[in-house]
Structure formats: C-alpha cells, structure tokens
Amino acid sequence: MLPVLQKRPLPLALCLIAIACVRIAATWTVFANTGDEPSHVACGLEYLADRVYRLETQHPPLARAMAALGPYLYGARPRGLGDHVREGMAIINYQGHPELILNLMRAGVLPFFFVASLVVFFWARREFGEAVAVVATGLFTLLPPVLAHAGLACTDMALAASVGVAFLAAIGWARTPTWQNGLLLGAASAMAALSKFTSIGYLPAAAAFALLFYVAIERPGMSRLAAQARERAATFGLAAGTGTLLVWAAYWFSFGKPAGWNFALPAPEFFDGIRCALHHNRIGHPAYLLGQFSNTGWWYYFPVALAVKTPLGFLALLGAGLYRCWMRRASLAYWLPVAFCLGILAPAMTANINIGVRHILPIYLGFAIVTALGVVHMAPAKWPGWTAAALVLWTAASGAVSHPDYLAYFNELVRGEPDAVLIDSDYDWGQDTKRLARRLHELGVTEVSFGSLGAIDDRYLQVFPGLPKVKKINPIEPAEGWTAVNPTIARATQYGLNYRYPNLKPWFEYLEPKERVGTIRLYYVPPGSLPRH
C-alpha cells in the first residue's frame, strides 16, 4: 500500500479532498441556518457592499466576506436594519430564495477547507514523505468536526486554515530567514488575524512551544540563540510590517478612534473587535458540560470535547503517532505538529467561552499529521498493519454513518442523550429547524411553542424554513398542543429560568418527548388535559 501512496501523492490527496468536498456540499440543503450564520453574512455583506465594517466587530472580516461573496454577486445588499442578527435573517429571506442564499454563503467557506487540507498535505510531505502526507490528508478529511464546520458559513474553518498556513510559514522562515519567507510569514499571519481573533493567541503559543522543543532537542545555548535572533531580526521586522499593512488594507485603510479609546489608530475596527472579544471572554457565555452549567466554563472542557467528538479509531491512532514521535524525539520535525497542537489547546483551556470544539478546530491539522505517523509506522508489520487498517476503517465508518449530521456527531463513548454531555455548536446549533418545519407540516400543526437559537424575530422562521405560527415557550407552565424544545436553550438557559431556582426545572424535563426531530425534542400536550386555574 505505501508504494502506491508514494507514486502519485498529490493527485491522491486531491481526490480525497474532492470526496470530502462532495460530502460537505451534500449537507448544505439538509440544514437550516445555524445560530451564527445570519450575523456573519450581514457583517460580510456590509463589508463588501458599503466598504465599512461597523455592524459587529467581534470577528474580523475575512471569513465573513467570503461567506457574503456569493450572495453579493447574486445581488444581495444590506437591508439597513441595524441589528446584525435581524439584518442577516432579512438578507437570507428577502430575495425569495433563502436556500440558494444559504448555499452560496456556505460555498464561500469551502475554499478554507481546501487550504487546510493542503496545509496538512504539504507540511507532512516536506517533513515525513509522500505516504505520511496522503494518509494525513485522508484522515483529516474523514473527521466529522472538520466536515461539519467546513459546511457552515462561519469563521472556524477559516481559522483552521489560516493558523495552519501561518505556522507552516513560520517554520519555513525560522529555518531560512530570507526576505521572501519574511513576506510570506507576514501575509500568512495577517490572514490568520483576519480570520478570527483567537489566532492572535494561538500562533504565539504554538511558536513558543516549538521554540521550547527546539531548545530541548538542539540545546543551542544562549549565545547561539542570541545570534540566531539577530540574524532573523530584519526579516521578522519585514514580516511584522507586511502583516500590519495587510490588516490595515483589509479594513479599507480606515483610521479613527476605537470605542473607549482617546486616540486614533489605523484600522480602529480591528482593535475594537479585539476589545469585544476580550470582553466576551471576560464575562463568559452560558455553557453546559456533563450535567453542569457555567458562565465561565471549565479548564477541562476542550479535552472532554475532543475525547467525545473525535472518532475513537482516530484517537487510538493518535496515541500510536505520539508514541512514534517519542521514539524519534531527537528529531525536531516530529515535535512541531505536537507544538502546534499544544499551542491551540493550552490557551483554549484558559478561556471562559466553552461552546464548541470548533474553537480549537486547527488542532485537527496537527492531530492528522501525528496520527498518520502512527499509521505509516505500523503499516509494514503484519499485525500492527492490520490493526492500523482496521482503525482507519473504523474512523471512516464512524463519520460516514453519521452523514449528514456531522455537527451532532459523538463517538461511541457517549451513550443516551448527547445533550447531557455537550450542547451548542457541538450538538444543536439550530441546524434542524428545517427538519422540524417539514415534520410539523406532516403532522398538520398550525401553531407551535418554540424557542429558536439566534433568531430575534420568529416571524422569519415562518418564511424559512417554513414553520407554522410560533409562540414563546413558558418554562414553568406547559402549553396545550405542540412544543419544540431546542436542547441548547434548554440546557444553557432553561428558557429563562437560568438555574436561579435549584429545585425548579422546566416542565418539559418531566415529560418524555413524542419524538426527536434531529436534535430537537418534540412534545405534545392534548387539548383539555391541563388543569384550569
């Protein structure tokens, strides 16, 4: 098998990426918009059409502009509603082709998946050869969390791709600090900063871990380190200047005072976005993990999320790959993917926002390379080779049987109700509203109590995906007829109870749902069955 992979590695990798792209695109028509997608297209369309970026700055514009590009070319324009969620819902609906607009939005994110896959391929090929490169690319394209977020018009796939590109550029620059590599590092770092602000924490942390491994393995000494720093100072300055200029250019060379600042700066929206992101992290976000509620999260949230959201076969092979890295610990190349992963995971574990493994999606690039090292090392021997093949097949099958529900995927460690383990973008992000609408029409329902994720005005839901008339859910008092419960709202905020009353649970917690429509629980209370007050 390995000689086959070594003959035509790039065509094989491109075929694997193409298959994954087909799988991703097949999910677009299944799901309604998730909670964040309207906001992203609204801000991206403002950016493209009006050449300003003011509607909501908490995320930088690159991924949002890509998500809005298709609708913009189709003729969509800002609606001027002021609120970014309402604006996004109006953009999706106002032309009368909401599914087409949503597909165009999601198509804009697919190039980031392509870039991320190529980063895995070229990084692995440069350091470990063709066979590892093909296997790593294939494994990356099989992972349900990757497929899920490559299929949504959000910022997470852009983060994964751009942080991977920037780290790979940093490796090239550190080894050969030419002015060309300095320019490349600056451009790649700007791409990362313009994808998501968490990259500003991830990249320095990954670089710091890489430096630690370098010092531990090469033992250069302080004098040599100082000499190497001097040799790279000029090209690092070139990289910093290039990155700064590109970020400013991406904000249309704007100049002004960020909110709360007393002096003007280039790209004030960039600094205001960082302020908003830090404020969001400081106050936290309603989250739920293993039966616990928190506004500020848990240090172990992301390790748990990785353990249950990643196929078990892949995790077993990851262990084999880490063992291979340890056996080759005298070679820095084997530790760079590990440094990259640690640079993502360590800062994330200190964060107060714990609402999805998507926030550390770049970690899967490093995981794929380390895992491929384990596969290729095991392959030549008879029984280890068969074991590796079985684990790869398990990984592939685990994701395939969950199609198209990659977002709601959990591995075999999770039994029973998945929302008792994780919620939000790990399980239920509002994606099944379209399925709900279809099922309610089949049942002849004309009115439903429902709380939708991220929709300010439920009237939009009657247009797309076509729900019947929507009423608000009262968590204390059940309503006669049909009620559709969104698990994320139920677990995170209890539909307004917000865990303020320890002995009081929402009424639907005491009833068995009639059925589940995707991730949504559907209840029915017969008319006349409730006591009259």
# chains A, B, ... in the order shown; residues from 1 in each chain; ligands from 1

call {"tool": "closest_atom_pairs", "arguments": {"of": "region 388-459 of chain A", "to": "region 515-519 of chain A", "cutoff": "10 Å", "atoms": "only C-alpha atoms", "output": "tab-separated table"}}
result
residue	atom	partner	partner_atom	distance
A:Asp405	CA	A:Gly518	CA	8.5
A:Ala408	CA	A:Thr519	CA	7.6
A:Glu417	CA	A:Thr519	CA	9.9
A:Pro418	CA	A:Thr519	CA	9.1
A:Asp419	CA	A:Thr519	CA	8.6
A:Ile423	CA	A:Thr519	CA	10.0
A:Tyr427	CA	A:Thr519	CA	7.4
A:Asp428	CA	A:Thr519	CA	6.0
A:Trp429	CA	A:Thr519	CA	9.1
A:Gly430	CA	A:Thr519	CA	8.7
A:Gln431	CA	A:Thr519	CA	8.5
A:Asp432	CA	A:Gly518	CA	5.8
A:Thr433	CA	A:Val517	CA	8.7
A:Lys434	CA	A:Val517	CA	9.7
A:Arg435	CA	A:Val517	CA	6.5
A:Leu436	CA	A:Val517	CA	5.9
A:Ala437	CA	A:Val517	CA	9.5
A:Arg438	CA	A:Val517	CA	9.6
A:Arg439	CA	A:Val517	CA	7.5
A:Leu440	CA	A:Val517	CA	9.7

call {"tool": "write_last_selection", "arguments": {"atoms": "C-alpha atoms", "output": "mmCIF file, in the first residue's frame"}}
result
data_model
loop_
_atom_site.group_PDB
_atom_site.id
_atom_site.type_symbol
_atom_site.label_atom_id
_atom_site.label_comp_id
_atom_site.auth_asym_id
_atom_site.auth_seq_id
_atom_site.Cartn_x
_atom_site.Cartn_y
_atom_site.Cartn_z
ATOM 1 C CA ASP A 405 -25.218 15.008 10.878
ATOM 2 C CA ALA A 408 -24.233 16.415 16.093
ATOM 3 C CA GLU A 417 -28.773 11.687 25.378
ATOM 4 C CA PRO A 418 -25.854 13.559 23.748
ATOM 5 C CA ASP A 419 -27.103 16.905 25.070
ATOM 6 C CA ILE A 423 -24.662 21.298 23.591
ATOM 7 C CA TYR A 427 -24.646 19.223 19.083
ATOM 8 C CA ASP A 428 -27.553 21.557 18.482
ATOM 9 C CA TRP A 429 -26.878 24.922 16.864
ATOM 10 C CA GLY A 430 -30.333 25.453 15.368
ATOM 11 C CA GLN A 431 -29.479 23.414 12.272
ATOM 12 C CA ASP A 432 -32.520 21.136 12.491
ATOM 13 C CA THR A 433 -35.203 23.826 12.211
ATOM 14 C CA LYS A 434 -35.718 22.847 8.580
ATOM 15 C CA ARG A 435 -36.392 19.236 9.547
ATOM 16 C CA LEU A 436 -38.736 20.470 12.256
ATOM 17 C CA ALA A 437 -40.741 22.534 9.770
ATOM 18 C CA ARG A 438 -41.131 19.543 7.463
ATOM 19 C CA ARG A 439 -42.239 17.276 10.303
ATOM 20 C CA LEU A 440 -44.762 19.769 11.691
#

call {"tool": "residues_around", "arguments": {"residues": "Ala400 (chain A)", "least_positions_apart": "5", "cutoff": "12 Å", "atoms": "only C-alpha atoms", "output": "number ranges by chain"}}
result
A: 19-20, 23-24, 141-144, 147, 311, 393-395, 405-406, 409

call {"tool": "write_last_selection", "arguments": {"atoms": "C-alpha atoms", "output": "short mmCIF file (atom, residue, chain, number, x, y, z; two decimals), in the first residue's frame"}}
result
data_model
loop_
_atom_site.label_atom_id
_atom_site.label_comp_id
_atom_site.auth_asym_id
_atom_site.auth_seq_id
_atom_site.Cartn_x
_atom_site.Cartn_y
_atom_site.Cartn_z
CA ILE A 19 -14.62 13.42 -1.99
CA ALA A 20 -14.82 15.32 1.29
CA ARG A 23 -19.80 15.17 1.38
CA ILE A 24 -19.71 18.70 2.77
CA THR A 141 -10.93 14.79 5.53
CA LEU A 142 -12.67 11.99 7.47
CA LEU A 143 -13.14 13.84 10.75
CA PRO A 144 -16.79 14.77 11.50
CA LEU A 147 -16.65 18.21 7.84
CA PRO A 311 -13.69 9.12 16.29
CA LEU A 393 -11.73 1.94 8.57
CA TRP A 394 -13.37 2.49 11.95
CA THR A 395 -12.62 6.21 11.69
CA ASP A 405 -25.22 15.01 10.88
CA TYR A 406 -21.53 15.75 11.34
CA TYR A 409 -21.64 13.60 15.87
#

call {"tool": "closest_residue", "arguments": {"among": "A:Thr137, A:Ser195, A:Ser117, A:Thr350", "to": "Ala372 (chain A)", "atoms": "only C-alpha atoms"}}
result
A:Thr137

call {"tool": "closest_residue", "arguments": {"among": "A:Arg8, A:Arg51, A:Lys196, A:Arg224", "to": "Ala160 (chain A)", "atoms": "only C-alpha atoms"}}
result
A:Lys196

call {"tool": "residues_around", "arguments": {"residues": "region 172-186 of chain A", "least_positions_apart": "4", "cutoff": "10 Å", "atoms": "only C-alpha atoms", "output": "ChimeraX atom specification"}}
result
/A:165-168,190-192,228-229,231-247

call {"tool": "residues_around", "arguments": {"residues": "Val392 (chain A)", "least_positions_apart": "4", "cutoff": "12 Å", "atoms": "only C-alpha atoms", "output": "compact mmCIF listing (two decimals) with N, CA and C atoms, in the first residue's frame"}}
result
# COMPACT_ATOMS: atom_id res chain seq x y z
N VAL A 135 -1.79 9.90 3.80
CA VAL A 135 -2.57 9.35 4.93
C VAL A 135 -3.08 10.48 5.82
N ALA A 136 -2.24 11.46 6.12
CA ALA A 136 -2.65 12.58 6.97
C ALA A 136 -3.80 13.36 6.33
N GLY A 138 -5.94 12.24 4.10
CA GLY A 138 -7.14 11.41 4.13
C GLY A 138 -7.80 11.40 5.50
N LEU A 139 -7.01 11.26 6.56
CA LEU A 139 -7.57 11.25 7.91
C LEU A 139 -8.21 12.58 8.26
N PHE A 140 -7.58 13.68 7.87
CA PHE A 140 -8.15 15.00 8.14
C PHE A 140 -9.52 15.14 7.48
N LEU A 142 -11.68 12.93 6.93
CA LEU A 142 -12.67 11.99 7.47
C LEU A 142 -13.29 12.45 8.78
N LEU A 143 -12.74 13.47 9.40
CA LEU A 143 -13.14 13.84 10.75
C LEU A 143 -14.47 14.60 10.77
N PRO A 311 -13.53 10.58 16.41
CA PRO A 311 -13.69 9.12 16.29
C PRO A 311 -12.67 8.37 17.14
N LEU A 312 -13.12 7.32 17.80
CA LEU A 312 -12.24 6.56 18.69
C LEU A 312 -11.09 5.89 17.94
N GLY A 313 -11.36 5.42 16.72
CA GLY A 313 -10.28 4.83 15.93
C GLY A 313 -9.18 5.83 15.67
N PHE A 314 -9.55 7.07 15.39
CA PHE A 314 -8.58 8.13 15.16
C PHE A 314 -7.79 8.41 16.44
N LEU A 315 -8.47 8.45 17.60
CA LEU A 315 -7.78 8.72 18.85
C LEU A 315 -6.78 7.61 19.17
N ALA A 316 -7.14 6.35 18.86
CA ALA A 316 -6.19 5.25 19.09
C ALA A 316 -4.96 5.41 18.22
N LEU A 317 -5.16 5.78 16.96
CA LEU A 317 -4.03 6.00 16.06
C LEU A 317 -3.23 7.23 16.47
N LEU A 318 -3.90 8.22 17.05
CA LEU A 318 -3.18 9.39 17.55
C LEU A 318 -2.22 8.98 18.66
N ALA A 368 -3.89 15.21 12.64
CA ALA A 368 -3.89 14.36 11.43
C ALA A 368 -2.47 13.94 11.07
N THR A 371 -1.18 11.43 13.72
CA THR A 371 -1.88 10.16 13.53
C THR A 371 -1.34 9.41 12.32
N ALA A 372 -1.10 10.13 11.24
CA ALA A 372 -0.55 9.49 10.03
C ALA A 372 0.83 8.89 10.30
N GLY A 374 1.72 7.48 13.02
CA GLY A 374 1.44 6.19 13.63
C GLY A 374 1.01 5.15 12.62
N VAL A 375 0.14 5.53 11.69
CA VAL A 375 -0.34 4.59 10.67
C VAL A 375 0.81 4.08 9.81
N VAL A 376 1.61 4.98 9.31
CA VAL A 376 2.69 4.60 8.38
C VAL A 376 3.75 3.78 9.12
N MET A 378 3.13 1.72 11.59
CA MET A 378 2.55 0.40 11.87
C MET A 378 2.36 -0.43 10.60
N ALA A 379 2.21 0.23 9.47
CA ALA A 379 1.79 -0.45 8.24
C ALA A 379 2.68 -1.60 7.78
N GLY A 385 0.03 -3.61 11.12
CA GLY A 385 -0.51 -3.06 9.89
C GLY A 385 -2.00 -3.31 9.75
N TRP A 386 -2.43 -4.55 10.06
CA TRP A 386 -3.86 -4.85 10.01
C TRP A 386 -4.63 -4.05 11.07
N THR A 387 -4.02 -3.88 12.21
CA THR A 387 -4.66 -3.08 13.26
C THR A 387 -4.84 -1.63 12.82
N ALA A 388 -3.79 -1.07 12.21
CA ALA A 388 -3.88 0.31 11.72
C ALA A 388 -4.97 0.43 10.66
N ALA A 396 -13.28 6.02 9.36
CA ALA A 396 -14.06 6.36 8.16
C ALA A 396 -15.53 6.00 8.35
N ALA A 397 -15.78 4.80 8.88
CA ALA A 397 -17.17 4.34 9.04
C ALA A 397 -17.90 5.17 10.09
N SER A 398 -17.19 5.54 11.16
CA SER A 398 -17.81 6.31 12.23
C SER A 398 -18.36 7.64 11.72
N GLY A 399 -17.60 8.29 10.83
CA GLY A 399 -18.10 9.53 10.25
C GLY A 399 -19.14 9.31 9.18

call {"tool": "closest_residue", "arguments": {"among": "A:Leu413, A:Ala333, A:Met222, A:Leu407", "to": "Gly129 (chain A)", "atoms": "only C-alpha atoms"}}
result
A:Ala333

call {"tool": "residues_around", "arguments": {"residues": "Pro303 (chain A)", "least_positions_apart": "2", "cutoff": "12 Å", "atoms": "only C-alpha atoms", "output": "PyMOL selection string"}}
result
chain A and resi 289+298-301+305-310+341-342+344-346+348-349+354+356-357+360+363

call {"tool": "closest_residue", "arguments": {"among": "A:Phe367, A:Phe213, A:Tyr94, A:Tyr74", "to": "Trp335 (chain A)", "atoms": "only C-alpha atoms"}}
result
A:Phe213

call {"tool": "residues_around", "arguments": {"residues": "Gly151 (chain A)", "least_positions_apart": "6", "cutoff": "8 Å", "atoms": "only C-alpha atoms", "output": "NGL selection string"}}
result
:A and (24-25 or 27-28 or 106-107 or 109-110)

call {"tool": "write_last_selection", "arguments": {"atoms": "N, CA and C atoms", "output": "tab-separated table (two decimals), in the first residue's frame"}}
result
chain	number	residue	atom	x	y	z
A	24	ILE	N	-19.37	17.43	2.12
A	24	ILE	CA	-19.71	18.70	2.77
A	24	ILE	C	-20.86	19.39	2.05
A	25	ALA	N	-20.74	19.51	0.74
A	25	ALA	CA	-21.78	20.20	-0.04
A	25	ALA	C	-23.13	19.50	0.07
A	27	THR	N	-24.46	18.43	2.63
A	27	THR	CA	-25.15	18.82	3.87
A	27	THR	C	-25.83	20.18	3.75
A	28	TRP	N	-25.46	20.97	2.77
A	28	TRP	CA	-25.96	22.35	2.70
A	28	TRP	C	-27.48	22.41	2.64
A	106	ARG	N	-22.45	29.22	2.32
A	106	ARG	CA	-21.64	28.08	2.76
A	106	ARG	C	-20.57	27.72	1.74
A	107	ALA	N	-20.88	27.93	0.47
A	107	ALA	CA	-19.88	27.67	-0.56
A	107	ALA	C	-18.65	28.56	-0.38
A	109	VAL	N	-17.10	29.21	2.25
A	109	VAL	CA	-16.21	28.68	3.28
A	109	VAL	C	-15.43	27.47	2.77
A	110	LEU	N	-15.93	26.81	1.73
A	110	LEU	CA	-15.30	25.59	1.24
A	110	LEU	C	-13.83	25.79	0.84

call {"tool": "select_by_dssp", "arguments": {"residues": "region 30-145 of chain A", "states": "alpha helix (DSSP H)", "output": "number ranges by chain"}}
result
A: 37-50, 62-74, 84-93, 98-107, 110-128, 130-140, 144-145

call {"tool": "closest_residue", "arguments": {"among": "A:Ile473, A:Ile17, A:Ala170, A:Val448", "to": "Leu461 (chain A)", "atoms": "only C-alpha atoms"}}
result
A:Val448

call {"tool": "atom_distance", "arguments": {"atom1": "CA of His149 (chain A)", "atom2": "CA of Asp36 (chain A)"}}
result
11.9 Å

call {"tool": "atom_distance", "arguments": {"atom1": "CA of Ile171 (chain A)", "atom2": "CA of Ala210 (chain A)"}}
result
9.1 Å

call {"tool": "atom_distance", "arguments": {"atom1": "CA of Ser254 (chain A)", "atom2": "CA of Arg275 (chain A)"}}
result
17.3 Å

call {"tool": "closest_residue", "arguments": {"among": "A:Ala420, A:Ala148, A:Leu225, A:Val85", "to": "Leu212 (chain A)", "atoms": "only C-alpha atoms"}}
result
A:Leu225

call {"tool": "select_by_dssp", "arguments": {"residues": "region 186-302 of chain A", "states": "strand (DSSP E)", "output": "ChimeraX atom specification"}}
result
/A:255-256,265-266,287-289,292-294
